[in-house]
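Report on the following structure.
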Amino acid sequence: MNDDDTLSHFEYDTEPFTTSELAAIMDYRKAIDGIPDAITETDRPALDTVTQAFGAEAFRSLAADHCDALNTWYLALDQALAELLTCTTESTTYSTAAARFLKASAEEYHQARCHFEHTVTVFLLARDTSPLTGNYPPLTDRLNLGMQTLGGPE
């Protein structure tokens, strides 16, 4: 097990990350530092505030910055896919821990991208997403079969 508690759960019941894998993960994390929070914390009210305070050009600039950040995140994830693959002795498979990390990281990226696209669409079309009165579907990112519901960000 490694010293990073946020990585230890990927190592559960399997071999721990190698030094090379940990280096690749740290490179990935450094490349995306701050991006996930910036994307997921931007919501419709934030876009309304930016536009009201600074005008439509400020919205365009913020949206473009977020698009660039998502591209940076995508490229970092793509690089992690390549680097973590070559960290195994065969260089053709991922370790179990690395595969778990990559799946979770990709899921985080896709949920953030979905959040961004939904937020921008709702803002540009001035749509309401309240579950009871909404005229645009609420943001969902998972299915809860047991409770038979579509879920959104918590």
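Labeling convention for the structure tokens: chains A, B, ... as they appear, residues from 1 per chain, ligands from 1 in order of appearance.
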Under the rule of at most 9 Å, produce a per-residue listing of stretch 32-133 of chain A near stretch 141-152 of chain A: chain, number, name, the closest pair of atoms, and the distance in Å, as a Markdown table, using only C-alpha atoms.
| residue | atom | partner | partner_atom | distance |
| --- | --- | --- | --- | --- |
| A:Gln111 | CA | A:Asp141 | CA | 6.4 |
| A:Cys114 | CA | A:Asp141 | CA | 7.9 |
| A:His115 | CA | A:Asp141 | CA | 8.6 |
What would the file look like if the residues just selected were written as a CSV table (one decimal), in the first residue's frame with all heavy atoms?
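Listed below is the output, result25.csv:
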chain,number,residue,atom,x,y,z
A,111,GLN,N,-18.2,12.7,-16.2
A,111,GLN,CA,-19.2,13.4,-15.4
A,111,GLN,C,-19.0,14.9,-15.4
A,111,GLN,O,-20.0,15.7,-15.5
A,111,GLN,CB,-19.3,12.9,-14.0
A,111,GLN,CG,-19.9,11.5,-14.0
A,111,GLN,CD,-20.0,10.9,-12.5
A,111,GLN,OE1,-19.6,11.6,-11.6
A,111,GLN,NE2,-20.5,9.7,-12.4
A,114,CYS,N,-20.0,16.2,-18.9
A,114,CYS,CA,-21.5,16.2,-19.0
A,114,CYS,C,-22.1,17.4,-18.2
A,114,CYS,O,-23.0,18.1,-18.6
A,114,CYS,CB,-22.0,14.9,-18.4
A,114,CYS,SG,-23.8,14.7,-18.5
A,115,HIS,N,-21.5,17.7,-17.0
A,115,HIS,CA,-22.0,18.8,-16.1
A,115,HIS,C,-21.8,20.1,-16.9
A,115,HIS,O,-22.7,20.9,-16.9
A,115,HIS,CB,-21.2,18.8,-14.8
A,115,HIS,CG,-21.5,20.0,-14.0
A,115,HIS,ND1,-22.5,20.1,-13.2
A,115,HIS,CD2,-20.8,21.2,-13.9
A,115,HIS,CE1,-22.5,21.3,-12.6
A,115,HIS,NE2,-21.4,22.0,-13.0
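Excluding A:Ile32 itself and any same-chain residue fewer than 6 positions from it, the protein and nucleic acid residues within 8 Å of it, counting only C-alpha atoms, are Thr72, Trp73 and Ala76 of chain A.
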Write to file, as a PDB file, in the first residue's frame, the residues of the selection just made, with C-alpha atoms.
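Just written: out.pdb:
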ATOM      1  CA  THR A  72      -6.146  19.764 -20.929  1.00  0.00           C
ATOM      2  CA  TRP A  73      -7.853  17.172 -18.726  1.00  0.00           C
ATOM      3  CA  ALA A  76      -3.666  14.373 -19.330  1.00  0.00           C
TER       4      ALA A  76
END
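Remark: for A:Leu70, the closest of the candidate residues A:Glu83, A:Glu57, A:Asp37, A:Asp48 is A:Asp37 (distances computed over only C-alpha atoms).
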*atom CA of A:Asp68 and atom CA of A:Glu41 are how many Å apart?*
16.1 Å
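Within chain A, residues classed as strand (DSSP E) by DSSP on backbone coordinates are A:Arg142, A:Leu143, A:Asn144, A:Thr149, A:Leu150, A:Gly151.
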Written selection (all heavy atoms) as a CSV table (one decimal), in the first residue's frame:
chain,number,residue,atom,x,y,z
A,142,ARG,N,-26.1,9.0,-13.2
A,142,ARG,CA,-26.0,7.6,-12.8
A,142,ARG,C,-27.5,7.1,-12.7
A,142,ARG,O,-28.4,7.9,-12.7
A,142,ARG,CB,-25.3,7.5,-11.4
A,142,ARG,CG,-26.1,8.1,-10.3
A,142,ARG,CD,-25.2,8.1,-9.0
A,142,ARG,NE,-25.8,9.0,-8.0
A,142,ARG,CZ,-25.8,10.3,-8.0
A,142,ARG,NH1,-25.2,10.9,-9.0
A,142,ARG,NH2,-26.3,11.0,-7.0
A,143,LEU,N,-27.6,5.8,-12.6
A,143,LEU,CA,-28.9,5.1,-12.5
A,143,LEU,C,-28.9,4.3,-11.2
A,143,LEU,O,-27.9,3.6,-10.9
A,143,LEU,CB,-29.0,4.1,-13.7
A,143,LEU,CG,-30.2,3.2,-13.7
A,143,LEU,CD1,-31.5,4.0,-13.8
A,143,LEU,CD2,-30.1,2.2,-14.8
A,144,ASN,N,-29.9,4.4,-10.4
A,144,ASN,CA,-30.0,3.7,-9.2
A,144,ASN,C,-31.2,2.7,-9.4
A,144,ASN,O,-32.3,3.0,-9.2
A,144,ASN,CB,-30.3,4.6,-8.0
A,144,ASN,CG,-30.4,3.8,-6.7
A,144,ASN,OD1,-30.7,2.6,-6.7
A,144,ASN,ND2,-30.2,4.6,-5.6
A,149,THR,N,-34.4,5.2,-9.9
A,149,THR,CA,-34.3,6.6,-10.1
A,149,THR,C,-33.1,6.9,-11.0
A,149,THR,O,-32.1,6.2,-11.0
A,149,THR,CB,-34.2,7.4,-8.8
A,149,THR,OG1,-33.0,7.0,-8.1
A,149,THR,CG2,-35.4,7.2,-7.9
A,150,LEU,N,-33.2,8.0,-11.6
A,150,LEU,CA,-32.0,8.6,-12.3
A,150,LEU,C,-31.4,9.6,-11.3
A,150,LEU,O,-32.2,10.4,-10.7
A,150,LEU,CB,-32.4,9.3,-13.6
A,150,LEU,CG,-32.8,8.4,-14.7
A,150,LEU,CD1,-33.3,9.3,-15.9
A,150,LEU,CD2,-31.7,7.6,-15.2
A,151,GLY,N,-30.1,9.6,-11.1
A,151,GLY,CA,-29.6,10.5,-10.1
A,151,GLY,C,-28.7,11.5,-10.7
A,151,GLY,O,-28.1,11.3,-11.8
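The closest residue to A:Ala104, picked from A:Leu47, A:Ala69, A:Leu85, A:Leu7 and counting only C-alpha atoms, is A:Leu7.
The nearest approach to A:Cys67 among the residues A:Ala112, A:Leu84, A:Ala97, A:Ala23, with only C-alpha atoms taken into account, belongs to A:Ala112.
In terms of minimum interatomic distance to A:Ala80, A:Ala24 ranks closest within A:Phe17, A:Tyr136, A:Ala24, A:Ile35, counting only C-alpha atoms.
Distance check against A:Leu139 using only C-alpha atoms: of A:Asp43, A:Tyr109, A:Gln52, A:Leu62, the minimum falls on A:Asp43.
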Looking only at alpha helix (DSSP H) from DSSP on the backbone, list the matching residues of chain A as an mmCIF file with N, CA and C atoms, in the first residue's frame.
data_model
loop_
_atom_site.group_PDB
_atom_site.id
_atom_site.type_symbol
_atom_site.label_atom_id
_atom_site.label_comp_id
_atom_site.auth_asym_id
_atom_site.auth_seq_id
_atom_site.Cartn_x
_atom_site.Cartn_y
_atom_site.Cartn_z
ATOM 1 N N ASP A 5 -3.701 8.088 0.899
ATOM 2 C CA ASP A 5 -4.969 7.446 1.229
ATOM 3 C C ASP A 5 -5.991 7.524 0.108
ATOM 4 N N THR A 6 -5.879 8.531 -0.756
ATOM 5 C CA THR A 6 -6.839 8.632 -1.840
ATOM 6 C C THR A 6 -6.545 7.621 -2.944
ATOM 7 N N LEU A 7 -5.405 6.987 -2.906
ATOM 8 C CA LEU A 7 -5.076 5.949 -3.883
ATOM 9 C C LEU A 7 -5.185 4.544 -3.306
ATOM 10 N N SER A 8 -5.151 4.425 -1.998
ATOM 11 C CA SER A 8 -5.096 3.104 -1.377
ATOM 12 C C SER A 8 -6.309 2.230 -1.699
ATOM 13 N N THR A 19 6.314 2.064 -8.359
ATOM 14 C CA THR A 19 6.880 3.411 -8.327
ATOM 15 C C THR A 19 6.589 4.147 -9.635
ATOM 16 N N SER A 20 6.690 3.444 -10.752
ATOM 17 C CA SER A 20 6.410 4.057 -12.059
ATOM 18 C C SER A 20 4.948 4.452 -12.180
ATOM 19 N N GLU A 21 4.058 3.603 -11.696
ATOM 20 C CA GLU A 21 2.631 3.926 -11.735
ATOM 21 C C GLU A 21 2.336 5.149 -10.881
ATOM 22 N N LEU A 22 2.928 5.193 -9.691
ATOM 23 C CA LEU A 22 2.706 6.348 -8.816
ATOM 24 C C LEU A 22 3.223 7.635 -9.464
ATOM 25 N N ALA A 23 4.341 7.552 -10.145
ATOM 26 C CA ALA A 23 4.884 8.732 -10.830
ATOM 27 C C ALA A 23 3.930 9.184 -11.933
ATOM 28 N N ALA A 24 3.383 8.243 -12.689
ATOM 29 C CA ALA A 24 2.440 8.579 -13.760
ATOM 30 C C ALA A 24 1.169 9.204 -13.184
ATOM 31 N N ILE A 25 0.702 8.684 -12.075
ATOM 32 C CA ILE A 25 -0.502 9.222 -11.426
ATOM 33 C C ILE A 25 -0.237 10.629 -10.907
ATOM 34 N N MET A 26 0.924 10.842 -10.325
ATOM 35 C CA MET A 26 1.256 12.179 -9.825
ATOM 36 C C MET A 26 1.376 13.173 -10.985
ATOM 37 N N ASP A 27 1.936 12.741 -12.105
ATOM 38 C CA ASP A 27 2.000 13.602 -13.298
ATOM 39 C C ASP A 27 0.592 13.970 -13.764
ATOM 40 N N TYR A 28 -0.289 12.987 -13.776
ATOM 41 C CA TYR A 28 -1.681 13.214 -14.181
ATOM 42 C C TYR A 28 -2.343 14.222 -13.240
ATOM 43 N N ARG A 29 -2.196 13.985 -11.954
ATOM 44 C CA ARG A 29 -2.817 14.881 -10.976
ATOM 45 C C ARG A 29 -2.273 16.304 -11.083
ATOM 46 N N LYS A 30 -0.991 16.425 -11.324
ATOM 47 C CA LYS A 30 -0.385 17.749 -11.469
ATOM 48 C C LYS A 30 -0.956 18.453 -12.710
ATOM 49 N N ALA A 31 -1.130 17.705 -13.781
ATOM 50 C CA ALA A 31 -1.625 18.286 -15.039
ATOM 51 C C ALA A 31 -3.060 18.784 -14.912
ATOM 52 N N ILE A 35 -8.631 21.748 -12.138
ATOM 53 C CA ILE A 35 -9.592 21.686 -13.245
ATOM 54 C C ILE A 35 -10.911 21.035 -12.837
ATOM 55 N N PRO A 36 -10.900 19.851 -12.212
ATOM 56 C CA PRO A 36 -12.192 19.238 -11.875
ATOM 57 C C PRO A 36 -13.095 20.145 -11.041
ATOM 58 N N ASP A 37 -12.539 20.788 -10.030
ATOM 59 C CA ASP A 37 -13.354 21.668 -9.190
ATOM 60 C C ASP A 37 -13.869 22.874 -9.969
ATOM 61 N N ALA A 38 -13.017 23.462 -10.801
ATOM 62 C CA ALA A 38 -13.436 24.627 -11.583
ATOM 63 C C ALA A 38 -14.613 24.279 -12.495
ATOM 64 N N ILE A 39 -14.570 23.110 -13.086
ATOM 65 C CA ILE A 39 -15.645 22.694 -13.996
ATOM 66 C C ILE A 39 -16.925 22.377 -13.222
ATOM 67 N N THR A 40 -16.817 21.548 -12.202
ATOM 68 C CA THR A 40 -18.030 21.079 -11.515
ATOM 69 C C THR A 40 -18.652 22.121 -10.592
ATOM 70 N N ARG A 44 -25.441 27.069 -13.354
ATOM 71 C CA ARG A 44 -26.244 28.111 -14.011
ATOM 72 C C ARG A 44 -26.237 29.419 -13.241
ATOM 73 N N PRO A 45 -26.463 29.408 -11.918
ATOM 74 C CA PRO A 45 -26.420 30.684 -11.197
ATOM 75 C C PRO A 45 -25.061 31.388 -11.319
ATOM 76 N N ALA A 46 -23.979 30.632 -11.352
ATOM 77 C CA ALA A 46 -22.654 31.247 -11.512
ATOM 78 C C ALA A 46 -22.532 31.908 -12.879
ATOM 79 N N LEU A 47 -23.051 31.253 -13.904
ATOM 80 C CA LEU A 47 -23.009 31.847 -15.248
ATOM 81 C C LEU A 47 -23.892 33.082 -15.324
ATOM 82 N N ASP A 48 -25.051 33.039 -14.661
ATOM 83 C CA ASP A 48 -25.920 34.219 -14.604
ATOM 84 C C ASP A 48 -25.185 35.386 -13.947
ATOM 85 N N THR A 49 -24.512 35.118 -12.842
ATOM 86 C CA THR A 49 -23.798 36.155 -12.101
ATOM 87 C C THR A 49 -22.683 36.767 -12.942
ATOM 88 N N VAL A 50 -21.900 35.920 -13.590
ATOM 89 C CA VAL A 50 -20.800 36.409 -14.433
ATOM 90 C C VAL A 50 -21.338 37.296 -15.550
ATOM 91 N N THR A 51 -22.400 36.849 -16.187
ATOM 92 C CA THR A 51 -22.949 37.601 -17.313
ATOM 93 C C THR A 51 -23.562 38.918 -16.857
ATOM 94 N N GLN A 52 -24.289 38.888 -15.755
ATOM 95 C CA GLN A 52 -24.898 40.121 -15.249
ATOM 96 C C GLN A 52 -23.842 41.126 -14.801
ATOM 97 N N ALA A 53 -22.790 40.637 -14.191
ATOM 98 C CA ALA A 53 -21.752 41.536 -13.673
ATOM 99 C C ALA A 53 -20.807 42.047 -14.756
ATOM 100 N N PHE A 54 -20.486 41.189 -15.735
ATOM 101 C CA PHE A 54 -19.431 41.545 -16.676
ATOM 102 C C PHE A 54 -19.835 41.470 -18.152
ATOM 103 N N ALA A 56 -21.916 39.589 -21.679
ATOM 104 C CA ALA A 56 -21.921 38.341 -22.439
ATOM 105 C C ALA A 56 -20.517 37.884 -22.816
ATOM 106 N N GLU A 57 -19.621 38.818 -23.047
ATOM 107 C CA GLU A 57 -18.247 38.447 -23.410
ATOM 108 C C GLU A 57 -17.561 37.687 -22.274
ATOM 109 N N ALA A 58 -17.907 38.029 -21.035
ATOM 110 C CA ALA A 58 -17.334 37.321 -19.883
ATOM 111 C C ALA A 58 -17.803 35.870 -19.868
ATOM 112 N N PHE A 59 -19.078 35.645 -20.206
ATOM 113 C CA PHE A 59 -19.562 34.262 -20.299
ATOM 114 C C PHE A 59 -18.800 33.507 -21.374
ATOM 115 N N ARG A 60 -18.654 34.134 -22.546
ATOM 116 C CA ARG A 60 -17.959 33.473 -23.642
ATOM 117 C C ARG A 60 -16.523 33.126 -23.241
ATOM 118 N N SER A 61 -15.877 34.030 -22.567
ATOM 119 C CA SER A 61 -14.504 33.812 -22.128
ATOM 120 C C SER A 61 -14.424 32.675 -21.097
ATOM 121 N N LEU A 62 -15.346 32.683 -20.137
ATOM 122 C CA LEU A 62 -15.372 31.626 -19.122
ATOM 123 C C LEU A 62 -15.652 30.267 -19.769
ATOM 124 N N ALA A 63 -16.623 30.222 -20.671
ATOM 125 C CA ALA A 63 -16.941 28.960 -21.348
ATOM 126 C C ALA A 63 -15.745 28.465 -22.159
ATOM 127 N N ALA A 64 -15.067 29.381 -22.851
ATOM 128 C CA ALA A 64 -13.881 29.002 -23.629
ATOM 129 C C ALA A 64 -12.770 28.496 -22.713
ATOM 130 N N ASP A 65 -12.591 29.145 -21.573
ATOM 131 C CA ASP A 65 -11.582 28.691 -20.605
ATOM 132 C C ASP A 65 -11.905 27.286 -20.102
ATOM 133 N N HIS A 66 -13.176 27.029 -19.848
ATOM 134 C CA HIS A 66 -13.577 25.696 -19.386
ATOM 135 C C HIS A 66 -13.374 24.659 -20.491
ATOM 136 N N CYS A 67 -13.654 25.039 -21.724
ATOM 137 C CA CYS A 67 -13.399 24.112 -22.848
ATOM 138 C C CYS A 67 -11.909 23.784 -22.928
ATOM 139 N N ASP A 68 -11.064 24.790 -22.790
ATOM 140 C CA ASP A 68 -9.618 24.564 -22.806
ATOM 141 C C ASP A 68 -9.199 23.674 -21.635
ATOM 142 N N ALA A 69 -9.795 23.903 -20.474
ATOM 143 C CA ALA A 69 -9.470 23.087 -19.298
ATOM 144 C C ALA A 69 -9.901 21.633 -19.515
ATOM 145 N N LEU A 70 -11.074 21.429 -20.093
ATOM 146 C CA LEU A 70 -11.517 20.060 -20.389
ATOM 147 C C LEU A 70 -10.576 19.394 -21.390
ATOM 148 N N ASN A 71 -10.078 20.159 -22.349
ATOM 149 C CA ASN A 71 -9.120 19.604 -23.304
ATOM 150 C C ASN A 71 -7.817 19.225 -22.601
ATOM 151 N N THR A 72 -7.351 20.073 -21.706
ATOM 152 C CA THR A 72 -6.146 19.764 -20.929
ATOM 153 C C THR A 72 -6.349 18.489 -20.123
ATOM 154 N N TRP A 73 -7.522 18.356 -19.511
ATOM 155 C CA TRP A 73 -7.853 17.172 -18.726
ATOM 156 C C TRP A 73 -7.864 15.938 -19.618
ATOM 157 N N TYR A 74 -8.495 16.047 -20.776
ATOM 158 C CA TYR A 74 -8.545 14.928 -21.720
ATOM 159 C C TYR A 74 -7.133 14.484 -22.113
ATOM 160 N N LEU A 75 -6.288 15.443 -22.450
ATOM 161 C CA LEU A 75 -4.922 15.114 -22.860
ATOM 162 C C LEU A 75 -4.133 14.477 -21.710
ATOM 163 N N ALA A 76 -4.341 14.963 -20.494
ATOM 164 C CA ALA A 76 -3.666 14.373 -19.330
ATOM 165 C C ALA A 76 -4.141 12.945 -19.088
ATOM 166 N N LEU A 77 -5.436 12.708 -19.249
ATOM 167 C CA LEU A 77 -5.972 11.353 -19.074
ATOM 168 C C LEU A 77 -5.447 10.433 -20.171
ATOM 169 N N ASP A 78 -5.382 10.934 -21.372
ATOM 170 C CA ASP A 78 -4.835 10.154 -22.480
ATOM 171 C C ASP A 78 -3.364 9.804 -22.216
ATOM 172 N N GLN A 79 -2.613 10.748 -21.703
ATOM 173 C CA GLN A 79 -1.208 10.497 -21.355
ATOM 174 C C GLN A 79 -1.103 9.463 -20.234
ATOM 175 N N ALA A 80 -1.983 9.565 -19.239
ATOM 176 C CA ALA A 80 -1.979 8.584 -18.144
ATOM 177 C C ALA A 80 -2.285 7.184 -18.675
ATOM 178 N N LEU A 81 -3.204 7.092 -19.638
ATOM 179 C CA LEU A 81 -3.493 5.790 -20.254
ATOM 180 C C LEU A 81 -2.225 5.186 -20.846
ATOM 181 N N ALA A 82 -1.444 5.993 -21.508
ATOM 182 C CA ALA A 82 -0.210 5.504 -22.136
ATOM 183 C C ALA A 82 0.851 5.176 -21.091
ATOM 184 N N GLU A 83 1.039 6.056 -20.129
ATOM 185 C CA GLU A 83 2.095 5.854 -19.140
ATOM 186 C C GLU A 83 1.805 4.694 -18.204
ATOM 187 N N LEU A 84 0.569 4.525 -17.798
ATOM 188 C CA LEU A 84 0.247 3.428 -16.883
ATOM 189 C C LEU A 84 0.284 2.076 -17.587
ATOM 190 N N LEU A 85 0.055 2.057 -18.868
ATOM 191 C CA LEU A 85 0.150 0.805 -19.619
ATOM 192 C C LEU A 85 1.583 0.300 -19.628
ATOM 193 N N THR A 96 -4.169 -4.223 -11.879
ATOM 194 C CA THR A 96 -5.539 -4.073 -11.378
ATOM 195 C C THR A 96 -5.741 -2.699 -10.752
ATOM 196 N N ALA A 97 -4.784 -2.267 -9.956
ATOM 197 C CA ALA A 97 -4.896 -0.956 -9.305
ATOM 198 C C ALA A 97 -4.917 0.172 -10.339
ATOM 199 N N ALA A 98 -4.057 0.076 -11.347
ATOM 200 C CA ALA A 98 -4.012 1.110 -12.387
ATOM 201 C C ALA A 98 -5.313 1.137 -13.179
ATOM 202 N N ALA A 99 -5.844 -0.036 -13.504
ATOM 203 C CA ALA A 99 -7.115 -0.102 -14.245
ATOM 204 C C ALA A 99 -8.232 0.537 -13.423
ATOM 205 N N ARG A 100 -8.269 0.274 -12.138
ATOM 206 C CA ARG A 100 -9.282 0.881 -11.269
ATOM 207 C C ARG A 100 -9.135 2.401 -11.250
ATOM 208 N N PHE A 101 -7.892 2.869 -11.115
ATOM 209 C CA PHE A 101 -7.635 4.307 -11.091
ATOM 210 C C PHE A 101 -8.080 4.946 -12.396
ATOM 211 N N LEU A 102 -7.719 4.347 -13.519
ATOM 212 C CA LEU A 102 -8.075 4.919 -14.820
ATOM 213 C C LEU A 102 -9.582 4.931 -15.042
ATOM 214 N N LYS A 103 -10.270 3.875 -14.649
ATOM 215 C CA LYS A 103 -11.733 3.844 -14.789
ATOM 216 C C LYS A 103 -12.374 4.949 -13.961
ATOM 217 N N ALA A 104 -11.923 5.126 -12.737
ATOM 218 C CA ALA A 104 -12.478 6.175 -11.876
ATOM 219 C C ALA A 104 -12.153 7.565 -12.425
ATOM 220 N N SER A 105 -10.941 7.738 -12.926
ATOM 221 C CA SER A 105 -10.540 9.035 -13.477
ATOM 222 C C SER A 105 -11.327 9.364 -14.734
ATOM 223 N N ALA A 106 -11.531 8.375 -15.583
ATOM 224 C CA ALA A 106 -12.315 8.594 -16.798
ATOM 225 C C ALA A 106 -13.762 8.915 -16.447
ATOM 226 N N GLU A 107 -14.307 8.237 -15.467
ATOM 227 C CA GLU A 107 -15.682 8.511 -15.036
ATOM 228 C C GLU A 107 -15.796 9.944 -14.511
ATOM 229 N N GLU A 108 -14.818 10.375 -13.730
ATOM 230 C CA GLU A 108 -14.818 11.742 -13.208
ATOM 231 C C GLU A 108 -14.761 12.756 -14.354
ATOM 232 N N TYR A 109 -13.905 12.488 -15.342
ATOM 233 C CA TYR A 109 -13.797 13.380 -16.496
ATOM 234 C C TYR A 109 -15.130 13.458 -17.245
ATOM 235 N N HIS A 110 -15.729 12.304 -17.514
ATOM 236 C CA HIS A 110 -16.972 12.289 -18.292
ATOM 237 C C HIS A 110 -18.124 12.948 -17.530
ATOM 238 N N GLN A 111 -18.181 12.749 -16.226
ATOM 239 C CA GLN A 111 -19.228 13.410 -15.447
ATOM 240 C C GLN A 111 -19.029 14.924 -15.439
ATOM 241 N N ALA A 112 -17.786 15.377 -15.315
ATOM 242 C CA ALA A 112 -17.519 16.823 -15.335
ATOM 243 C C ALA A 112 -17.855 17.408 -16.700
ATOM 244 N N ARG A 113 -17.508 16.698 -17.759
ATOM 245 C CA ARG A 113 -17.820 17.189 -19.107
ATOM 246 C C ARG A 113 -19.339 17.260 -19.304
ATOM 247 N N CYS A 114 -20.042 16.239 -18.864
ATOM 248 C CA CYS A 114 -21.508 16.233 -18.956
ATOM 249 C C CYS A 114 -22.084 17.405 -18.160
ATOM 250 N N HIS A 115 -21.545 17.652 -16.975
ATOM 251 C CA HIS A 115 -21.998 18.767 -16.147
ATOM 252 C C HIS A 115 -21.797 20.094 -16.877
ATOM 253 N N PHE A 116 -20.620 20.279 -17.454
ATOM 254 C CA PHE A 116 -20.319 21.516 -18.176
ATOM 255 C C PHE A 116 -21.266 21.705 -19.354
ATOM 256 N N GLU A 117 -21.431 20.677 -20.158
ATOM 257 C CA GLU A 117 -22.290 20.784 -21.341
ATOM 258 C C GLU A 117 -23.741 21.042 -20.955
ATOM 259 N N HIS A 118 -24.210 20.387 -19.903
ATOM 260 C CA HIS A 118 -25.574 20.598 -19.429
ATOM 261 C C HIS A 118 -25.740 22.030 -18.915
ATOM 262 N N THR A 119 -24.789 22.489 -18.125
ATOM 263 C CA THR A 119 -24.858 23.841 -17.560
ATOM 264 C C THR A 119 -24.889 24.901 -18.649
ATOM 265 N N VAL A 120 -24.020 24.772 -19.630
ATOM 266 C CA VAL A 120 -23.975 25.753 -20.717
ATOM 267 C C VAL A 120 -25.262 25.722 -21.535
ATOM 268 N N THR A 121 -25.768 24.527 -21.813
ATOM 269 C CA THR A 121 -27.017 24.407 -22.575
ATOM 270 C C THR A 121 -28.173 25.055 -21.824
ATOM 271 N N VAL A 122 -28.284 24.754 -20.540
ATOM 272 C CA VAL A 122 -29.362 25.327 -19.724
ATOM 273 C C VAL A 122 -29.236 26.843 -19.682
ATOM 274 N N PHE A 123 -28.024 27.356 -19.535
ATOM 275 C CA PHE A 123 -27.806 28.803 -19.484
ATOM 276 C C PHE A 123 -28.162 29.467 -20.812
ATOM 277 N N LEU A 124 -27.641 28.927 -21.902
ATOM 278 C CA LEU A 124 -27.864 29.556 -23.212
ATOM 279 C C LEU A 124 -29.326 29.523 -23.640
ATOM 280 N N LEU A 125 -30.022 28.477 -23.248
ATOM 281 C CA LEU A 125 -31.428 28.365 -23.631
ATOM 282 C C LEU A 125 -32.373 28.908 -22.564
#
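Between atom CA of A:Ser95 and atom CA of A:Glu11 the interatomic distance comes to 9.7 Å.
A straight-line distance of 21.7 Å separates atom CA of A:His9 from atom CA of A:Thr86.
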